[in-house]
Amino acid sequence: MIILITFIVGSFFSIFTMNNMDTYKELSKPFEVPAILFPIVWSVLYLLMSISCYIVSVSNDKSRNKALTVYGVQLAFNSLWSLIFFGFGNYILAFIWIIILDVLIIYMIIEFYKVNKTAGLLQIPYLLWALFASYLNLMIAIMN
């Protein structure tokens with residue numbers, strides 16, 4: 001069930017902004033990332049996020065609820081970034097939003113790590129991808 005919720009919430013606004021991918025293709029970017037890479041990477045990341053969330057959710061640790069709350073907040077921020085970037089085409093606001101998301105991901109990693117080290121470490125690829133996306137977002141905002 002956690003996997004389903006993560007995939008649905010995480011990609012919710014992406015579904016509504018797919019039509020704007022043509023606009024994305026026309027933007028000036030520092031380099032091209034093959035389009036096929038995005039769904040593959042996000043699928044792996046959502047799977048890792050779900051496994052990590054499950055590990056935390058079955059823990060008896062007293063800070064479990066805090067960690068799961070942070071997970072939910074960052075997942076909502078993740079989803080809304082797609083709406084801001086692709087839906088509204090507001091690249092500066094999207095950059096500010098993704099910086100907040102980066103901070104939330106770091107906070108989530110710390111909280112997950114407190115509950116279960118593996119759960120925290122499983123989030124590292126997500127953070128790295130989000131930082132890469134932050135760089136791309138910034139460059140697109142500057143170049144367009």
# chains A, B, ... in the order shown; residues from 1 in each chain; ligands from 1

$ select_by_dssp --residues "chain A" --states "helix (DSSP H, G or I)" --output "NGL selection string"
:A and (2-26 or 37-57 or 64-87 or 91-115 or 117-121 or 124-143)

$ write_last_selection --atoms "C-alpha atoms" --output "CSV table (one decimal), in the first residue's frame"
chain,number,residue,atom,x,y,z
A,2,ILE,CA,2.9,2.4,0.8
A,3,ILE,CA,4.3,1.8,-2.7
A,4,LEU,CA,1.0,2.7,-4.3
A,5,ILE,CA,0.5,5.9,-2.2
A,6,THR,CA,4.1,7.0,-2.9
A,7,PHE,CA,3.7,6.5,-6.7
A,8,ILE,CA,0.3,8.2,-6.8
A,9,VAL,CA,1.1,11.2,-4.6
A,10,GLY,CA,4.6,11.6,-6.0
A,11,SER,CA,3.5,11.6,-9.6
A,12,PHE,CA,0.0,13.1,-9.2
A,13,PHE,CA,0.7,16.5,-10.9
A,14,SER,CA,3.0,15.0,-13.4
A,15,ILE,CA,0.0,13.3,-15.0
A,16,PHE,CA,-1.6,16.7,-15.6
A,17,THR,CA,1.5,18.4,-16.9
A,18,MET,CA,2.6,15.8,-19.5
A,19,ASN,CA,1.2,17.9,-22.3
A,20,ASN,CA,3.8,20.5,-21.4
A,21,MET,CA,6.7,18.3,-22.1
A,22,ASP,CA,6.9,19.8,-25.6
A,23,THR,CA,7.6,23.1,-24.0
A,24,TYR,CA,10.3,21.5,-21.9
A,25,LYS,CA,12.0,20.1,-25.0
A,26,GLU,CA,12.2,23.6,-26.5
A,37,LEU,CA,15.8,8.4,-18.1
A,38,PHE,CA,13.2,10.3,-16.1
A,39,PRO,CA,10.5,7.6,-15.7
A,40,ILE,CA,13.1,4.9,-15.0
A,41,VAL,CA,14.9,7.0,-12.3
A,42,TRP,CA,11.7,8.1,-10.7
A,43,SER,CA,10.3,4.5,-10.6
A,44,VAL,CA,13.5,3.3,-8.8
A,45,LEU,CA,13.4,6.3,-6.4
A,46,TYR,CA,9.8,5.9,-5.6
A,47,LEU,CA,10.4,2.2,-4.9
A,48,LEU,CA,13.4,3.0,-2.6
A,49,MET,CA,11.3,5.7,-0.9
A,50,SER,CA,8.5,3.2,-0.3
A,51,ILE,CA,10.8,0.5,1.1
A,52,SER,CA,12.3,3.1,3.4
A,53,CYS,CA,8.9,4.4,4.5
A,54,TYR,CA,7.8,0.9,5.2
A,55,ILE,CA,10.8,0.1,7.3
A,56,VAL,CA,10.0,3.2,9.4
A,57,SER,CA,6.3,2.5,9.6
A,64,ARG,CA,8.4,7.1,13.9
A,65,ASN,CA,5.4,9.4,13.6
A,66,LYS,CA,7.6,12.5,13.2
A,67,ALA,CA,9.6,10.7,10.5
A,68,LEU,CA,6.5,9.6,8.6
A,69,THR,CA,5.0,13.2,8.8
A,70,VAL,CA,8.2,14.6,7.3
A,71,TYR,CA,7.9,11.9,4.6
A,72,GLY,CA,4.4,13.0,3.7
A,73,VAL,CA,5.3,16.7,3.6
A,74,GLN,CA,8.3,16.2,1.4
A,75,LEU,CA,6.3,13.9,-0.9
A,76,ALA,CA,3.6,16.6,-1.3
A,77,PHE,CA,6.4,19.1,-2.1
A,78,ASN,CA,7.9,16.8,-4.6
A,79,SER,CA,4.6,16.4,-6.4
A,80,LEU,CA,3.8,20.1,-6.4
A,81,TRP,CA,7.1,21.0,-7.9
A,82,SER,CA,6.0,19.3,-11.2
A,83,LEU,CA,2.9,21.6,-11.2
A,84,ILE,CA,5.0,24.7,-10.6
A,85,PHE,CA,7.7,23.9,-13.1
A,86,PHE,CA,5.8,22.1,-15.9
A,87,GLY,CA,2.2,23.3,-15.3
A,91,TYR,CA,11.1,28.3,-13.2
A,92,ILE,CA,12.2,30.7,-10.5
A,93,LEU,CA,9.4,29.7,-8.1
A,94,ALA,CA,10.1,26.1,-9.0
A,95,PHE,CA,13.7,26.6,-8.1
A,96,ILE,CA,12.8,28.1,-4.7
A,97,TRP,CA,10.4,25.2,-4.2
A,98,ILE,CA,13.0,22.5,-5.0
A,99,ILE,CA,15.5,24.1,-2.6
A,100,ILE,CA,12.9,23.8,0.1
A,101,LEU,CA,12.3,20.2,-1.1
A,102,ASP,CA,16.0,19.5,-0.8
A,103,VAL,CA,16.0,20.7,2.8
A,104,LEU,CA,12.9,18.6,3.5
A,105,ILE,CA,14.6,15.5,2.0
A,106,ILE,CA,17.7,16.1,4.2
A,107,TYR,CA,15.4,16.5,7.2
A,108,MET,CA,13.6,13.3,6.3
A,109,ILE,CA,16.9,11.4,5.9
A,110,ILE,CA,17.9,12.5,9.4
A,111,GLU,CA,14.6,11.5,10.9
A,112,PHE,CA,14.5,8.2,9.1
A,113,TYR,CA,18.1,7.5,10.1
A,114,LYS,CA,17.2,8.0,13.8
A,115,VAL,CA,14.5,5.3,13.4
A,117,LYS,CA,19.8,3.5,9.6
A,118,THR,CA,19.0,1.5,6.5
A,119,ALA,CA,15.8,3.5,6.0
A,120,GLY,CA,17.7,6.8,6.1
A,121,LEU,CA,20.5,5.6,3.8
A,124,ILE,CA,20.4,9.1,-0.4
A,125,PRO,CA,19.8,8.4,-4.1
A,126,TYR,CA,16.6,10.5,-3.9
A,127,LEU,CA,18.6,13.4,-2.4
A,128,LEU,CA,21.3,13.1,-5.1
A,129,TRP,CA,18.6,13.2,-7.9
A,130,ALA,CA,16.8,16.1,-6.3
A,131,LEU,CA,20.1,18.1,-6.1
A,132,PHE,CA,20.8,17.3,-9.7
A,133,ALA,CA,17.2,18.4,-10.5
A,134,SER,CA,17.9,21.6,-8.5
A,135,TYR,CA,20.9,22.4,-10.7
A,136,LEU,CA,18.9,21.8,-13.9
A,137,ASN,CA,16.0,23.9,-12.6
A,138,LEU,CA,18.4,26.8,-11.8
A,139,MET,CA,20.1,26.6,-15.1
A,140,ILE,CA,16.8,26.5,-17.0
A,141,ALA,CA,15.6,29.5,-14.9
A,142,ILE,CA,18.8,31.4,-15.8
A,143,MET,CA,18.9,30.4,-19.5

$ decode --residues "region 64-80 of chain A" --atoms "N, CA and C atoms" --output "PDB file, in the first residue's frame"
ATOM      1  N   ARG A  64       8.996   7.585  15.172  1.00  0.00           N
ATOM      2  CA  ARG A  64       8.448   7.077  13.906  1.00  0.00           C
ATOM      3  C   ARG A  64       7.410   8.031  13.305  1.00  0.00           C
ATOM      4  N   ASN A  65       6.476   8.507  14.113  1.00  0.00           N
ATOM      5  CA  ASN A  65       5.402   9.366  13.587  1.00  0.00           C
ATOM      6  C   ASN A  65       5.939  10.673  13.026  1.00  0.00           C
ATOM      7  N   LYS A  66       6.943  11.238  13.688  1.00  0.00           N
ATOM      8  CA  LYS A  66       7.565  12.470  13.186  1.00  0.00           C
ATOM      9  C   LYS A  66       8.210  12.207  11.830  1.00  0.00           C
ATOM     10  N   ALA A  67       8.935  11.098  11.728  1.00  0.00           N
ATOM     11  CA  ALA A  67       9.604  10.747  10.477  1.00  0.00           C
ATOM     12  C   ALA A  67       8.588  10.551   9.354  1.00  0.00           C
ATOM     13  N   LEU A  68       7.488   9.885   9.647  1.00  0.00           N
ATOM     14  CA  LEU A  68       6.468   9.642   8.621  1.00  0.00           C
ATOM     15  C   LEU A  68       5.763  10.934   8.213  1.00  0.00           C
ATOM     16  N   THR A  69       5.615  11.854   9.145  1.00  0.00           N
ATOM     17  CA  THR A  69       5.020  13.159   8.815  1.00  0.00           C
ATOM     18  C   THR A  69       5.927  13.919   7.853  1.00  0.00           C
ATOM     19  N   VAL A  70       7.214  13.930   8.159  1.00  0.00           N
ATOM     20  CA  VAL A  70       8.183  14.599   7.277  1.00  0.00           C
ATOM     21  C   VAL A  70       8.148  13.945   5.895  1.00  0.00           C
ATOM     22  N   TYR A  71       8.034  12.627   5.856  1.00  0.00           N
ATOM     23  CA  TYR A  71       7.940  11.894   4.581  1.00  0.00           C
ATOM     24  C   TYR A  71       6.745  12.399   3.769  1.00  0.00           C
ATOM     25  N   GLY A  72       5.595  12.508   4.417  1.00  0.00           N
ATOM     26  CA  GLY A  72       4.391  12.968   3.727  1.00  0.00           C
ATOM     27  C   GLY A  72       4.521  14.393   3.205  1.00  0.00           C
ATOM     28  N   VAL A  73       5.105  15.259   4.001  1.00  0.00           N
ATOM     29  CA  VAL A  73       5.274  16.660   3.598  1.00  0.00           C
ATOM     30  C   VAL A  73       6.216  16.759   2.413  1.00  0.00           C
ATOM     31  N   GLN A  74       7.350  16.071   2.466  1.00  0.00           N
ATOM     32  CA  GLN A  74       8.295  16.166   1.353  1.00  0.00           C
ATOM     33  C   GLN A  74       7.711  15.552   0.092  1.00  0.00           C
ATOM     34  N   LEU A  75       6.908  14.499   0.239  1.00  0.00           N
ATOM     35  CA  LEU A  75       6.287  13.870  -0.933  1.00  0.00           C
ATOM     36  C   LEU A  75       5.298  14.832  -1.599  1.00  0.00           C
ATOM     37  N   ALA A  76       4.544  15.565  -0.796  1.00  0.00           N
ATOM     38  CA  ALA A  76       3.632  16.571  -1.343  1.00  0.00           C
ATOM     39  C   ALA A  76       4.417  17.681  -2.044  1.00  0.00           C
ATOM     40  N   PHE A  77       5.511  18.131  -1.430  1.00  0.00           N
ATOM     41  CA  PHE A  77       6.360  19.150  -2.059  1.00  0.00           C
ATOM     42  C   PHE A  77       6.916  18.642  -3.382  1.00  0.00           C
ATOM     43  N   ASN A  78       7.331  17.391  -3.397  1.00  0.00           N
ATOM     44  CA  ASN A  78       7.858  16.763  -4.610  1.00  0.00           C
ATOM     45  C   ASN A  78       6.817  16.836  -5.725  1.00  0.00           C
ATOM     46  N   SER A  79       5.618  16.438  -5.411  1.00  0.00           N
ATOM     47  CA  SER A  79       4.552  16.408  -6.412  1.00  0.00           C
ATOM     48  C   SER A  79       4.213  17.812  -6.917  1.00  0.00           C
ATOM     49  N   LEU A  80       4.137  18.762  -6.011  1.00  0.00           N
ATOM     50  CA  LEU A  80       3.769  20.127  -6.397  1.00  0.00           C
ATOM     51  C   LEU A  80       4.845  20.806  -7.245  1.00  0.00           C
TER      52      LEU A  80
END
